[in-house]
>>> print(open('work_15.cif').read())   # mmCIF, C-alpha atoms and all ligand atoms
data_run
loop_
_atom_site.label_atom_id
_atom_site.label_comp_id
_atom_site.auth_asym_id
_atom_site.auth_seq_id
_atom_site.Cartn_x
_atom_site.Cartn_y
_atom_site.Cartn_z
CA MET M 1 28.21 135.83 159.66
CA ARG M 2 29.08 132.37 160.93
CA ILE M 3 29.35 129.75 158.20
CA LEU M 4 29.44 126.10 159.23
CA SER M 5 29.75 122.84 157.37
CA GLY M 6 30.84 119.29 158.05
CA VAL M 7 32.57 116.81 155.80
CA GLN M 8 32.52 113.08 156.33
CA PRO M 9 35.92 111.41 156.25
CA SER M 10 34.86 108.92 153.64
CA GLY M 11 37.83 108.46 151.32
CA LYS M 12 40.07 110.06 148.75
CA LEU M 13 38.81 113.31 147.25
CA HIS M 14 38.25 113.56 143.51
CA ILE M 15 37.78 116.52 141.17
CA GLY M 16 33.98 116.18 141.45
CA ASN M 17 34.23 116.81 145.19
CA TYR M 18 36.51 119.75 144.56
CA PHE M 19 34.45 121.58 141.95
CA GLY M 20 31.13 120.56 143.53
CA ALA M 21 31.92 121.34 147.17
CA ILE M 22 35.40 121.99 148.55
CA ARG M 23 36.12 124.93 146.26
CA GLN M 24 33.00 126.70 147.57
CA PHE M 25 34.04 126.04 151.19
CA VAL M 26 37.47 127.48 150.59
CA ASP M 27 36.00 130.54 148.82
CA LEU M 28 33.51 131.10 151.63
CA GLN M 29 36.27 131.59 154.19
CA HIS M 30 36.55 135.13 152.81
CA LYS M 31 32.84 135.89 153.34
CA GLY M 32 32.52 135.34 157.08
CA HIS M 33 33.83 133.20 159.91
CA GLY M 34 34.02 129.69 158.51
CA LEU M 35 33.80 126.70 160.84
CA TYR M 36 34.55 123.44 159.07
CA PHE M 37 34.62 120.16 160.87
CA ILE M 38 35.52 116.59 160.07
CA ALA M 39 32.44 114.56 160.94
CA ASP M 40 34.07 111.60 162.63
CA LEU M 41 31.13 110.86 164.94
CA HIS M 42 28.89 110.60 161.89
CA ALA M 43 31.43 108.39 160.15
CA LEU M 44 31.24 105.88 163.00
CA THR M 45 27.99 104.69 161.43
CA THR M 46 30.00 103.35 158.47
CA ILE M 47 33.70 103.09 159.39
CA ARG M 48 34.33 100.30 161.89
CA ASN M 49 38.12 100.20 161.94
CA ALA M 50 40.20 102.43 164.21
CA ASP M 51 43.23 102.76 161.92
CA THR M 52 41.04 103.53 158.91
CA MET M 53 39.19 106.16 160.91
CA ARG M 54 42.38 107.90 162.06
CA GLU M 55 43.84 107.84 158.57
CA LEU M 56 40.73 109.19 156.86
CA VAL M 57 40.20 111.94 159.41
CA PHE M 58 43.79 113.06 159.01
CA ASP M 59 43.47 112.95 155.24
CA VAL M 60 40.46 115.30 155.23
CA ALA M 61 42.46 117.80 157.28
CA LEU M 62 45.36 117.50 154.82
CA ASN M 63 43.01 117.94 151.88
CA PHE M 64 41.46 121.10 153.24
CA LEU M 65 44.78 122.67 154.15
CA ALA M 66 46.40 121.70 150.85
CA LEU M 67 43.46 123.15 148.92
CA GLY M 68 43.78 126.55 150.51
CA LEU M 69 41.84 126.58 153.76
CA ASP M 70 43.65 129.14 155.86
CA PRO M 71 43.63 128.19 159.54
CA ALA M 72 44.25 131.82 160.49
CA ARG M 73 40.96 132.73 158.84
CA ALA M 74 38.74 129.67 159.16
CA THR M 75 38.40 127.15 161.97
CA LEU M 76 39.11 123.55 161.05
CA PHE M 77 38.39 120.94 163.70
CA ARG M 78 37.35 117.42 164.48
CA GLN M 79 33.70 116.94 165.47
CA SER M 80 34.46 114.57 168.35
CA ASP M 81 36.81 117.11 169.96
CA ILE M 82 33.76 119.06 171.09
CA ALA M 83 32.10 116.85 173.69
CA GLU M 84 29.23 119.33 174.07
CA VAL M 85 27.93 118.25 170.67
CA ALA M 86 27.05 114.80 171.98
CA GLU M 87 25.40 116.35 175.04
CA LEU M 88 23.29 118.71 172.95
CA SER M 89 22.41 115.85 170.64
CA TRP M 90 20.84 114.01 173.57
CA VAL M 91 18.90 117.05 174.74
CA LEU M 92 17.60 117.62 171.21
CA SER M 93 16.59 113.99 170.84
CA THR M 94 14.16 114.47 173.72
CA VAL M 95 12.22 117.08 171.72
CA THR M 96 12.48 115.30 168.34
CA PRO M 97 9.36 113.41 167.23
CA MET M 98 10.05 109.86 165.98
CA GLY M 99 8.02 110.61 162.86
CA LEU M 100 10.45 113.34 161.83
CA LEU M 101 13.32 110.85 161.80
CA GLU M 102 11.29 108.08 160.17
CA ARG M 103 10.70 110.40 157.21
CA ALA M 104 14.43 111.12 156.71
CA HIS M 105 15.70 109.99 153.28
CA SER M 106 19.03 108.81 154.63
CA PHE M 107 17.23 106.36 156.91
CA LYS M 108 14.53 105.36 154.41
CA ASP M 109 17.09 104.73 151.62
CA LYS M 110 19.19 102.44 153.76
CA THR M 111 16.24 100.44 155.06
CA ALA M 112 14.81 100.17 151.53
CA LYS M 113 18.14 98.64 150.46
CA GLY M 114 17.71 96.02 153.16
CA ILE M 115 20.49 97.40 155.36
CA SER M 116 19.43 96.92 158.94
CA PRO M 117 19.73 100.38 160.45
CA ASP M 118 21.29 100.92 163.85
CA HIS M 119 20.26 103.65 166.25
CA GLY M 120 23.19 105.83 165.15
CA LEU M 121 21.92 105.97 161.61
CA PHE M 122 18.35 106.65 162.78
CA ALA M 123 19.53 109.44 165.08
CA TYR M 124 21.97 110.87 162.52
CA PRO M 125 19.83 113.98 161.75
CA VAL M 126 19.68 114.83 165.47
CA LEU M 127 23.45 114.78 165.75
CA MET M 128 23.65 116.89 162.61
CA ALA M 129 21.20 119.38 164.16
CA ALA M 130 23.42 119.54 167.26
CA ASP M 131 26.49 120.15 165.03
CA ILE M 132 24.80 123.16 163.51
CA LEU M 133 22.91 124.58 166.47
CA ILE M 134 25.77 124.41 168.97
CA TYR M 135 27.72 127.06 167.05
CA HIS M 136 24.76 129.42 166.49
CA SER M 137 25.48 128.99 162.79
CA ASP M 138 23.98 131.52 160.41
CA VAL M 139 24.61 129.79 157.11
CA VAL M 140 25.18 126.12 156.30
CA PRO M 141 26.50 125.35 152.81
CA VAL M 142 25.73 121.77 151.76
CA GLY M 143 24.95 119.70 148.70
CA LYS M 144 21.34 119.11 147.65
CA ASP M 145 21.32 115.69 149.30
CA GLN M 146 21.61 117.37 152.72
CA LYS M 147 18.69 119.78 152.24
CA GLN M 148 16.25 117.63 154.18
CA HIS M 149 18.67 117.37 157.09
CA LEU M 150 18.70 121.16 157.34
CA GLU M 151 14.92 121.30 157.34
CA ILE M 152 14.93 118.76 160.16
CA THR M 153 17.49 120.91 162.00
CA ARG M 154 15.22 123.93 161.80
CA ASP M 155 12.23 121.85 162.94
CA ILE M 156 14.18 120.58 165.94
CA ALA M 157 15.39 124.08 166.85
CA VAL M 158 11.82 125.42 166.69
CA LYS M 159 10.61 122.53 168.84
CA PHE M 160 13.30 123.19 171.44
CA ASN M 161 12.65 126.93 171.52
CA GLN M 162 8.89 126.43 171.73
CA THR M 163 9.33 124.01 174.61
CA TYR M 164 11.83 125.99 176.66
CA CYS M 165 11.76 129.65 175.63
CA PRO M 166 8.53 131.44 176.62
CA GLY M 167 9.25 134.50 174.45
CA PHE M 168 10.02 132.54 171.29
CA ASP M 169 8.29 133.62 168.09
CA PRO M 170 8.48 130.90 165.41
CA ALA M 171 7.57 133.38 162.66
CA THR M 172 10.68 135.50 163.19
CA GLY M 173 12.86 132.98 165.03
CA LYS M 174 13.43 135.63 167.73
CA GLY M 175 13.44 134.99 171.46
CA GLY M 176 14.82 131.45 171.29
CA VAL M 177 18.00 129.98 172.71
CA LEU M 178 18.79 128.15 169.47
CA LYS M 179 19.33 130.14 166.31
CA LEU M 180 17.54 128.95 163.17
CA PRO M 181 20.19 128.43 160.45
CA GLU M 182 19.78 129.27 156.78
CA PRO M 183 20.67 126.57 154.26
CA MET M 184 22.94 127.46 151.36
CA ILE M 185 22.40 124.77 148.75
CA MET M 186 25.50 124.58 146.61
CA ASP M 187 25.11 124.72 142.89
CA ASP M 188 25.15 121.19 141.58
CA THR M 189 23.91 122.01 138.09
CA ALA M 190 27.45 121.30 136.91
CA VAL M 191 27.83 117.65 137.77
CA VAL M 192 31.38 116.58 137.04
CA PRO M 193 31.42 113.46 134.86
CA GLY M 194 33.72 110.55 135.65
CA THR M 195 36.05 108.69 133.31
CA ASP M 196 33.08 106.60 132.09
CA GLY M 197 30.79 109.59 131.51
CA GLU M 198 28.56 108.84 134.54
CA LYS M 199 28.59 111.21 137.54
CA MET M 200 32.04 111.05 139.09
CA SER M 201 31.75 109.20 142.38
CA LYS M 202 34.03 107.07 144.48
CA SER M 203 31.32 104.41 144.56
CA TYR M 204 31.49 104.06 140.75
CA GLY M 205 35.30 103.68 140.49
CA ASN M 206 35.37 106.40 137.81
CA THR M 207 37.21 109.14 139.66
CA ILE M 208 40.21 111.31 138.97
CA ASP M 209 41.64 111.80 142.43
CA LEU M 210 43.16 115.12 143.44
CA PHE M 211 46.15 113.67 145.22
CA GLY M 212 46.71 110.36 143.48
CA PRO M 213 50.19 109.40 142.18
CA GLU M 214 51.05 111.26 138.98
CA LYS M 215 51.46 108.19 136.76
CA GLU M 216 48.18 106.66 137.86
CA THR M 217 46.39 110.00 137.41
CA ARG M 218 47.69 110.40 133.86
CA LYS M 219 46.65 106.84 133.11
CA ARG M 220 43.12 107.50 134.33
CA ILE M 221 42.86 110.66 132.25
CA MET M 222 44.14 108.85 129.15
CA GLY M 223 41.52 106.17 129.85
CA ILE M 224 38.52 108.52 129.73
CA LYS M 225 35.81 107.00 127.56
CA THR M 226 35.31 108.67 124.16
CA ASP M 227 33.52 107.65 120.96
CA SER M 228 35.32 106.20 117.96
CA THR M 229 35.36 109.27 115.69
CA PRO M 230 38.63 109.05 113.70
CA LEU M 231 41.41 111.56 114.26
CA GLU M 232 40.81 113.53 111.02
CA ALA M 233 37.05 113.83 111.45
CA PRO M 234 35.23 116.75 113.16
CA LYS M 235 34.06 115.94 116.71
CA ASN M 236 31.20 117.15 118.84
CA PRO M 237 32.62 118.84 121.96
CA ASP M 238 29.25 118.99 123.68
CA THR M 239 28.88 115.21 123.93
CA CYS M 240 32.52 114.53 124.82
CA ASN M 241 33.56 113.64 128.39
CA VAL M 242 37.06 115.00 127.85
CA PHE M 243 35.67 118.34 126.77
CA ALA M 244 33.32 118.45 129.77
CA LEU M 245 36.39 118.13 132.01
CA LEU M 246 38.47 120.58 129.97
CA LYS M 247 35.73 123.14 130.65
CA LEU M 248 36.58 123.01 134.36
CA PHE M 249 40.18 123.98 133.78
CA ALA M 250 40.52 126.01 130.57
CA LYS M 251 40.30 129.79 130.39
CA PRO M 252 37.51 131.04 128.08
CA GLU M 253 39.88 131.87 125.16
CA GLU M 254 41.60 128.54 125.50
CA LEU M 255 38.30 126.70 125.61
CA ALA M 256 37.11 128.50 122.47
CA GLU M 257 40.30 127.40 120.71
CA ILE M 258 39.82 123.78 121.80
CA ARG M 259 36.18 123.87 120.71
CA ALA M 260 37.28 125.05 117.27
CA GLN M 261 39.79 122.16 117.09
CA TYR M 262 37.06 119.67 117.90
CA GLN M 263 34.79 121.07 115.22
CA LYS M 264 37.48 121.30 112.58
CA GLY M 265 38.87 117.78 113.00
CA GLY M 266 42.49 116.72 112.65
CA VAL M 267 43.17 116.45 116.40
CA GLY M 268 42.64 113.11 118.14
CA TYR M 269 41.07 112.46 121.53
CA GLY M 270 44.49 111.39 122.81
CA ASP M 271 45.79 114.92 122.30
CA PHE M 272 42.83 116.47 124.08
CA LYS M 273 43.40 114.07 126.97
CA LYS M 274 47.08 115.00 127.18
CA ARG M 275 46.08 118.62 127.28
CA LEU M 276 43.60 117.88 130.05
CA ALA M 277 46.27 116.05 132.06
CA ASP M 278 48.62 119.02 131.73
CA MET M 279 45.89 121.40 132.85
CA PHE M 280 45.08 119.15 135.80
CA PHE M 281 48.69 119.19 136.99
CA ALA M 282 49.03 122.92 136.38
CA ALA M 283 45.87 123.60 138.41
CA PHE M 284 46.51 121.21 141.29
CA GLY M 285 50.32 121.16 141.20
CA PRO M 286 50.73 123.65 144.06
CA ALA M 287 48.06 121.90 146.17
CA ARG M 288 49.68 118.52 145.50
CA LYS M 289 53.05 119.86 146.55
CA ARG M 290 51.56 121.29 149.71
CA TYR M 291 49.80 117.98 150.39
CA ASP M 292 53.13 116.15 150.30
CA GLU M 293 54.73 118.75 152.56
CA LEU M 294 51.91 118.49 155.09
CA ARG M 295 52.12 114.70 155.09
CA ASN M 296 55.66 115.11 156.29
CA ASN M 297 54.63 117.67 158.86
CA GLN M 298 51.96 115.83 160.78
CA ASP M 299 52.59 117.77 163.98
CA TYR M 300 51.55 120.95 162.25
CA VAL M 301 48.28 119.39 161.04
CA HIS M 302 47.50 118.06 164.51
CA GLN M 303 48.23 121.50 165.95
CA VAL M 304 45.79 123.11 163.49
CA LEU M 305 43.11 120.67 164.60
CA ARG M 306 43.82 121.32 168.28
CA ASP M 307 43.69 125.10 167.80
CA GLY M 308 40.51 124.74 165.77
CA ALA M 309 38.90 122.66 168.50
CA ALA M 310 39.80 125.25 171.13
CA ARG M 311 38.17 128.02 169.12
CA ALA M 312 35.07 125.96 168.31
CA ARG M 313 34.74 124.91 171.95
CA GLU M 314 34.62 128.53 173.10
CA ILE M 315 31.39 128.98 171.16
CA ALA M 316 29.96 125.54 171.98
CA VAL M 317 30.43 125.99 175.72
CA GLN M 318 28.45 129.22 175.73
CA VAL M 319 25.54 127.84 173.75
CA MET M 320 25.47 124.67 175.85
CA ASP M 321 25.35 126.77 179.02
CA GLN M 322 22.26 128.52 177.70
CA VAL M 323 20.69 125.16 176.85
CA ARG M 324 21.44 123.80 180.34
CA ALA M 325 19.95 126.89 181.92
CA ALA M 326 16.84 126.78 179.73
CA THR M 327 16.18 123.10 180.46
CA GLY M 328 16.96 123.25 184.16
CA LEU M 329 19.97 120.96 183.89
CA ARG M 330 21.75 123.77 185.75
P1 LIG T 401 30.99 110.56 146.29
O1 LIG T 401 29.83 110.54 145.32
O2 LIG T 401 32.30 110.42 145.60
O3 LIG T 401 30.80 109.59 147.44
P2 LIG T 401 30.18 112.52 148.24
O4 LIG T 401 28.76 112.07 148.13
O5 LIG T 401 30.97 112.21 149.46
O6 LIG T 401 30.98 112.01 146.94
O7 LIG T 401 30.18 114.09 147.97
C1 LIG T 401 30.86 115.06 148.73
C2 LIG T 401 30.54 116.40 148.10
O8 LIG T 401 31.06 116.49 146.76
C3 LIG T 401 29.05 116.68 147.98
O9 LIG T 401 28.81 118.02 148.36
C4 LIG T 401 28.72 116.46 146.53
O10 LIG T 401 27.66 117.28 146.10
C5 LIG T 401 30.03 116.82 145.83
N1 LIG T 401 30.19 115.97 144.63
C6 LIG T 401 30.45 114.65 144.62
N2 LIG T 401 30.56 114.17 143.36
C7 LIG T 401 30.36 115.22 142.53
C8 LIG T 401 30.34 115.37 141.10
N3 LIG T 401 30.56 114.34 140.29
N4 LIG T 401 30.10 116.59 140.60
C9 LIG T 401 29.89 117.66 141.44
N5 LIG T 401 29.88 117.59 142.79
C10 LIG T 401 30.11 116.39 143.34
N1 LIG T 402 25.77 114.85 156.85
C1 LIG T 402 26.74 115.59 156.09
C2 LIG T 402 27.18 114.74 154.86
O1 LIG T 402 27.03 113.54 154.88
C3 LIG T 402 27.94 115.94 156.90
C4 LIG T 402 27.54 116.77 158.07
C5 LIG T 402 27.45 116.36 159.38
C6 LIG T 402 27.19 118.15 158.07
N2 LIG T 402 27.05 117.38 160.16
C7 LIG T 402 26.89 118.49 159.41
C8 LIG T 402 27.09 119.11 157.04
C9 LIG T 402 26.50 119.78 159.75
C10 LIG T 402 26.69 120.39 157.41
C11 LIG T 402 26.39 120.72 158.74
O2 LIG T 402 27.70 115.30 153.91
#
>>> encode(input="work_15.cif", output="structure tokens")
Amino acid sequence: MRILSGVQPSGKLHIGNYFGAIRQFVDLQHKGHGLYFIADLHALTTIRNADTMRELVFDVALNFLALGLDPARATLFRQSDIAEVAELSWVLSTVTPMGLLERAHSFKDKTAKGISPDHGLFAYPVLMAADILIYHSDVVPVGKDQKQHLEITRDIAVKFNQTYCPGFDPATGKGGVLKLPEPMIMDDTAVVPGTDGEKMSKSYGNTIDLFGPEKETRKRIMGIKTDSTPLEAPKNPDTCNVFALLKLFAKPEELAEIRAQYQKGGVGYGDFKKRLADMFFAAFGPARKRYDELRNNQDYVHQVLRDGAARAREIAVQVMDQVRAATGLR
């Protein structure tokens, strides 16, 4: 089974990203052949500074490796290292109806906000389809916000196969050059709250970053918003942001003990926060150490990306050859 997903290099990772997405990616590397790429071509639609781009792309690679992605098992690479993706994207755009792209949320949301869209943003789902289809991906794990993009990918693949593959059967997906991928929508029922109790998101400035400096991280944890129940009084764990975060880290017995402390009273929020900070550093300590080591070993990280690109290209070249043959480009 070939598992593929892409991650935009859009900034520092926080614990919401980890529990909501990255952890699943890392776990999936044991279930099949994982191909994970850093979507730098996609990021061009928002990042317009060369140094920022290089830095963010490198940081995603560091993050993945520090968090346990094993380059001997999974393939980690940079999207733009596979030139065939851009070629396939063009071919696909010639079978993609305008209406399909006009209905895309990503495009509609931006235009509704008054942002004047460029062609890159409009064509974004076609490039994403090329990302997926060029590796004959079986399964594509993504967050709920990307579900529509996967439906568009399947629509484009069907359109291509119907146009160019006489034996194609849309009901079974058999007989086509392009393989129809299955979406795997990651569980987002557990939305990780930020320090203000809203969904943790870098756009809200309420994050606890995975690899931030220790002092700053402790400060952010100590600053989590709580109510003003006095230290002695019983507290409701189920409405408390600190408890919601403790749940991510504590073992069941430990969590039961903390719950009892909340309900009994006599322990202040400050103590629960300190406990959370300790659990955070215990959980991410090894990854943070590895992150620092990798930062000082940039050659290794670049080598991983080069090796990953070579492996990904082997697949991409074959699929692109079939596409060229089917369309008469060769
Ligand atoms: P942000 O909101 O910080 O910009 P992204 O939209 O880049 O984060 O999300 C990257 C991935 O992390 C997505 O798969 C998303 O579902 C997941 N994710 C982001 N924030 C959270 C959160 N607070 N709780 C759970 N998952 C999250
Ligand atoms: N669009 C995805 C996002 O913003 C990233 C992405 C690009 C992707 N190409 C992909 C995800 C292919 C899965 C498969 O999160």
>>> residues_around(input="work_15.cif", residues="M:Pro170", least_positions_apart="5", cutoff="12 Å", atoms="only C-alpha atoms", output="PDB file with C-alpha atoms, keeping the file's coordinate frame")
ATOM      1  CA  ARG M 154      15.220 123.930 161.800  1.00  0.00           C
ATOM      2  CA  ASP M 155      12.230 121.850 162.940  1.00  0.00           C
ATOM      3  CA  ILE M 156      14.180 120.580 165.940  1.00  0.00           C
ATOM      4  CA  ALA M 157      15.390 124.080 166.850  1.00  0.00           C
ATOM      5  CA  VAL M 158      11.820 125.420 166.690  1.00  0.00           C
ATOM      6  CA  LYS M 159      10.610 122.530 168.840  1.00  0.00           C
ATOM      7  CA  PHE M 160      13.300 123.190 171.440  1.00  0.00           C
ATOM      8  CA  ASN M 161      12.650 126.930 171.520  1.00  0.00           C
ATOM      9  CA  GLN M 162       8.890 126.430 171.730  1.00  0.00           C
ATOM     10  CA  THR M 163       9.330 124.010 174.610  1.00  0.00           C
ATOM     11  CA  CYS M 165      11.760 129.650 175.630  1.00  0.00           C
ATOM     12  CA  GLY M 175      13.440 134.990 171.460  1.00  0.00           C
ATOM     13  CA  GLY M 176      14.820 131.450 171.290  1.00  0.00           C
ATOM     14  CA  LEU M 178      18.790 128.150 169.470  1.00  0.00           C
ATOM     15  CA  LYS M 179      19.330 130.140 166.310  1.00  0.00           C
ATOM     16  CA  LEU M 180      17.540 128.950 163.170  1.00  0.00           C
TER      17      LEU M 180
END
>>> atom_distance(input="work_15.cif", atom1="atom CA of M:Gly173", atom2="atom CA of M:Ser106")
27.0 Å
>>> residues_near_ligand(input="work_15.cif", ligand="ligand LIG 401 (chain T)", cutoff="7 Å", atoms="all atoms listed in the file", output="list in words")
Ser10, Gly16, Asn17, Tyr18, Phe19, Gly20, Ala21, Val142, Gly143, Lys144, Asp188, Ala190, Val191, Val192, Pro193, Gly194, Lys199, Met200, Ser201, Lys202 and Ser203 of chain M
>>> residues_around(input="work_15.cif", residues="M:Ala316", least_positions_apart="4", cutoff="7 Å", atoms="all atoms listed in the file", output="PDB file with C-alpha atoms, keeping the file's coordinate frame")
ATOM      1  CA  GLU M  84      29.230 119.330 174.070  1.00  0.00           C
ATOM      2  CA  ILE M 134      25.770 124.410 168.970  1.00  0.00           C
ATOM      3  CA  TYR M 135      27.720 127.060 167.050  1.00  0.00           C
ATOM      4  CA  ALA M 312      35.070 125.960 168.310  1.00  0.00           C
ATOM      5  CA  MET M 320      25.470 124.670 175.850  1.00  0.00           C
TER       6      MET M 320
END
>>> residues_near_ligand(input="work_15.cif", ligand="ligand LIG 402 (chain T)", cutoff="8 Å", atoms="all atoms listed in the file", output="number ranges by chain")
M: 4-8, 39, 42, 124-125, 127-129, 131-132, 140-143, 145-146, 149-150
>>> closest_residue(input="work_15.cif", among="M:Ala277, M:Val177, M:Arg330, M:Thr52", to="M:Lys219", atoms="all atoms listed in the file")
M:Ala277
>>> closest_residue(input="work_15.cif", among="M:Val242, M:Arg103, M:Ile22, M:Phe37", to="M:Gln148", atoms="only C-alpha atoms")
M:Arg103
>>> atom_distance(input="work_15.cif", atom1="atom CA of M:Ala83", atom2="atom CA of M:Lys108")
28.5 Å
>>> atom_distance(input="work_15.cif", atom1="atom CA of M:Thr226", atom2="atom CA of M:Gly285")
25.9 Å
>>> closest_residue(input="work_15.cif", among="M:Leu329, M:Leu88, M:Ile208, M:Leu35", to="M:Asp138", atoms="only C-alpha atoms")
M:Leu35
>>> residues_around(input="work_15.cif", residues="M:Lys247", least_positions_apart="3", cutoff="12 Å", atoms="all atoms listed in the file", output="list of chain:residue names")
M:Phe19, M:Ala190, M:Val191, M:Val192, M:Pro193, M:Pro237, M:Asp238, M:Cys240, M:Asn241, M:Val242, M:Phe243, M:Ala244, M:Ala250, M:Lys251, M:Pro252, M:Glu253, M:Glu254, M:Leu255, M:Ala256, M:Glu257, M:Ile258, M:Arg259, M:Phe272, M:Arg275, M:Leu276, M:Met279, M:Phe280
>>> closest_residue(input="work_15.cif", among="M:Leu246, M:Ala74, M:Val126, M:Ala287", to="M:Phe211", atoms="all atoms listed in the file")
M:Ala287
>>> closest_residue(input="work_15.cif", among="M:Ala50, M:Ile152, M:Leu69, M:Ala283", to="M:Pro183", atoms="all atoms listed in the file")
M:Ile152
>>> residues_around(input="work_15.cif", residues="stretch 70-73 of chain M", least_positions_apart="3", cutoff="7 Å", atoms="all atoms listed in the file", output="VMD selection string")
chain M and resid 29 65 76 304
>>> write_last_selection(input="work_15.cif", atoms="C-alpha atoms", output="compact mmCIF listing (two decimals), in the frame of the given file")
# COMPACT_ATOMS: atom_id res chain seq x y z
CA GLN M 29 36.27 131.59 154.19
CA LEU M 65 44.78 122.67 154.15
CA LEU M 76 39.11 123.55 161.05
CA VAL M 304 45.79 123.11 163.49
>>> closest_residue(input="work_15.cif", among="M:Gly308, M:Arg313, M:Thr172, M:His14", to="M:Asn206", atoms="all atoms listed in the file")
M:His14
>>> axis_aligned_box(input="work_15.cif", around="stretch 176-181 of chain M", padding_each_side="8 Å", output="AutoDock Vina command-line options")
--center_x 17.5 --center_y 129.8 --center_z 166.6 --size_x 21.4 --size_y 19.3 --size_z 28.3
